[in-house]
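Notes follow once the structure below has been shown.
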Amino acid sequence: MIRGLKETLVGIFVIIGIIVFIVLYTWLSGRISFGNTYDIKVQFEDVEGLRVGDPVLVFGIEKGKVKSLQIERDHVLVVLAMDRDIFLPEDTHIAIRAVSYIGADKYVKVTPGRSQEVPQIYYGASGSLQLEELAAQLDSLITTFGKIEIPDLDEAVRKLSNDIGKSLEHLTVMVKKPVDRIEKLAYRLDSLSMLVKGDGTFGKLLKSDELYEEIRETNLALKSLIEDINANPKKYLQIKVF
Amino acid sequence: MNLFSAIGDFSSFFFRSVFISWHLKTARHRILNQVYEVGIGSLPIILIIAAFVGLVSIVQTSYQIAGTMPRFILGATVGRMVMIELGPILTALMVSGRCASSMAAEIGTMRVTEQIDALETMAIDPYRFLSLPRIMGTFIALPVLTVIAEFDSLLVSGAYAHFFLDVPFGVFNYGLTHFFYAKEFFGGLVKALFFSVVIATSGCYFGFKVRGGAREVGRAATYAVVTASVLVLMLDFLVALVIFG
């Protein structure tokens with residue numbers, strides 16, 4: 001009796017162990033949901049690396065998980081376990097997005113629509129333009145440009161460079177001549193300015209009021225002398241033949 | 001006895017005990033008896049220990065990552081700690097403390113009271129009669145105990161995070177399931193299989209080697225626990241190196 005009881009207890013112990021093993025494994029692998037959820041089916045052309053257990057975000061809030069992925073002919077059928085408080089009408093937009101642009105983690109972005117109809121199956125948007133795709137396209141474009149070869153391009157560039165060099169030299173010579181002349185003119189003007197400004201004879205001649213008065217008076221005296229000579233030439237010119 | 005001869009003696013004892021002809025029909029009761037002793041007998045203490053392992057893990061991890069990482073990391077970190085290391089190791093150490101000593105004491109007493117000699121006189125192989133059921137019983141019971149301990153730890157840590165750390169169970173569960181790798185889960189269970197073998201072998205070996213009286217029996221129990229614990233940690237490193245290295 002005791003032996004029989006012991007064997008039963010051992011049997012129960014081992015069976016409990018196996019059940020716990022199965023429950024633990026299914027729980028950890030994300031196949032058991034602890035929320036009040038319902039399943040929706042979404043058809044994608046390409047799931048872009050989506051995995052079972054990846055989150056489903058509705059307006060950025062996690063409201064579900066990817067329950068299963070199954071390939072069906074030319075598309076993938078994805079089952080999403082959604083929280084009961086979320087209503088997803090017919091015109092709901094469902095797309096797969098990357099969590100980060102360098103990682104492989106994905107999530108399902110859901111934007112509920114306004115319709116009142118609920119479909120049997122939803123259609124997910126795929127092939128959406130994402131930054132990494134854009135980067136890949138840019139990269140291929142750069143590669144394409146890198147492969148383009150123009151045989152005479154180097155020669156043409158070299159000629160152009162030589163021509164520009166020669167033209168620049170010529171231009172330098174042309175510009176240099178007027179510059180030299182302007183420099184000489186400036187030097188002369190500078191000398192003249194010094195002459196006018198200075199205390200030399202010419203400067204005094206230009207600046208002295210006294211000299212001006214004297215020259216004026218001399219001028220007047222000369223005028224009156226010339227008038228007098230004209231009036232009385234004999235007074236000043238005495239021509240004697242003998 | 002030097003180290004090398006001790007290793008050789010221990011290994012030959014293991015092979016002598018395991019690679020032996022035996023019939024399930026005759027050995028069944030003795031194996032079930034050992035599963036009962038090791039498995040069901042250790043279950044209460046394992047449940048308590050595992051619960052506290054879960055609590056300590058969640059509190060320590062929460063303290064380490066507070067304010068620096070998202071909260072779902074709690075689930076990921078505790079899950080991996082429990083599955084890879086804490087679950088198998090602490091279960092094995094508890095079982096070695098509880099069962100390896102009792103095996104050594106039981107077989108040692110049989111040795112000093114000449115019961116093993118009596119078995120040999122009756123043409124009953126003492127290795128098949130005493131060692132094999134204990135090794136087989138521990139081999140069955142320890143992985144089961146490890147799975148139960150891991151489940152217990154994760155449930156308790158998730159509940160503590162939910163009620164005391166303001167981390168909803170859904171968030172904890174997200175981290176736990178999103179970063180789950182089957183290799184880690186099965187790796188921990190493979191460790192438990194190896195540990196079960198060294199624990200039972202150690203208990204039986206030191207029981208068989210008893211010479212003298214009651215004092216030697218007590219000493220054999222101590223040696224069995226110490227050797228089993230050291231071998232468990234050594235094997236943990238080796239298995240980790242092979243599976244996760």
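If you're wondering about the labels, chains in the structure tokens are A, B, ... by order shown, residues count from 1 in each chain, ligands from 1 in order shown.
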TODO: Could you list the residues in chain B lying within 10 Å of chain A, using only C-alpha atoms, and format the result as a count of residues only?
DONE: 40
Task: Shell around Ala228 in chain B at 12 Å using only C-alpha atoms, local window under 2 positions removed, as a ChimeraX atom specification - done: /B:10,89,92-101,103-104,194-206,220-226,230-236
- [ ] Can you work out the spacing between CA of Pro112 in chain A and CA of Val58 in chain A in Å, to one decimal?
- [x]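 Atom-to-atom, CA of Pro112 in chain A to CA of Val58 in chain A, that is 7.6 Å.
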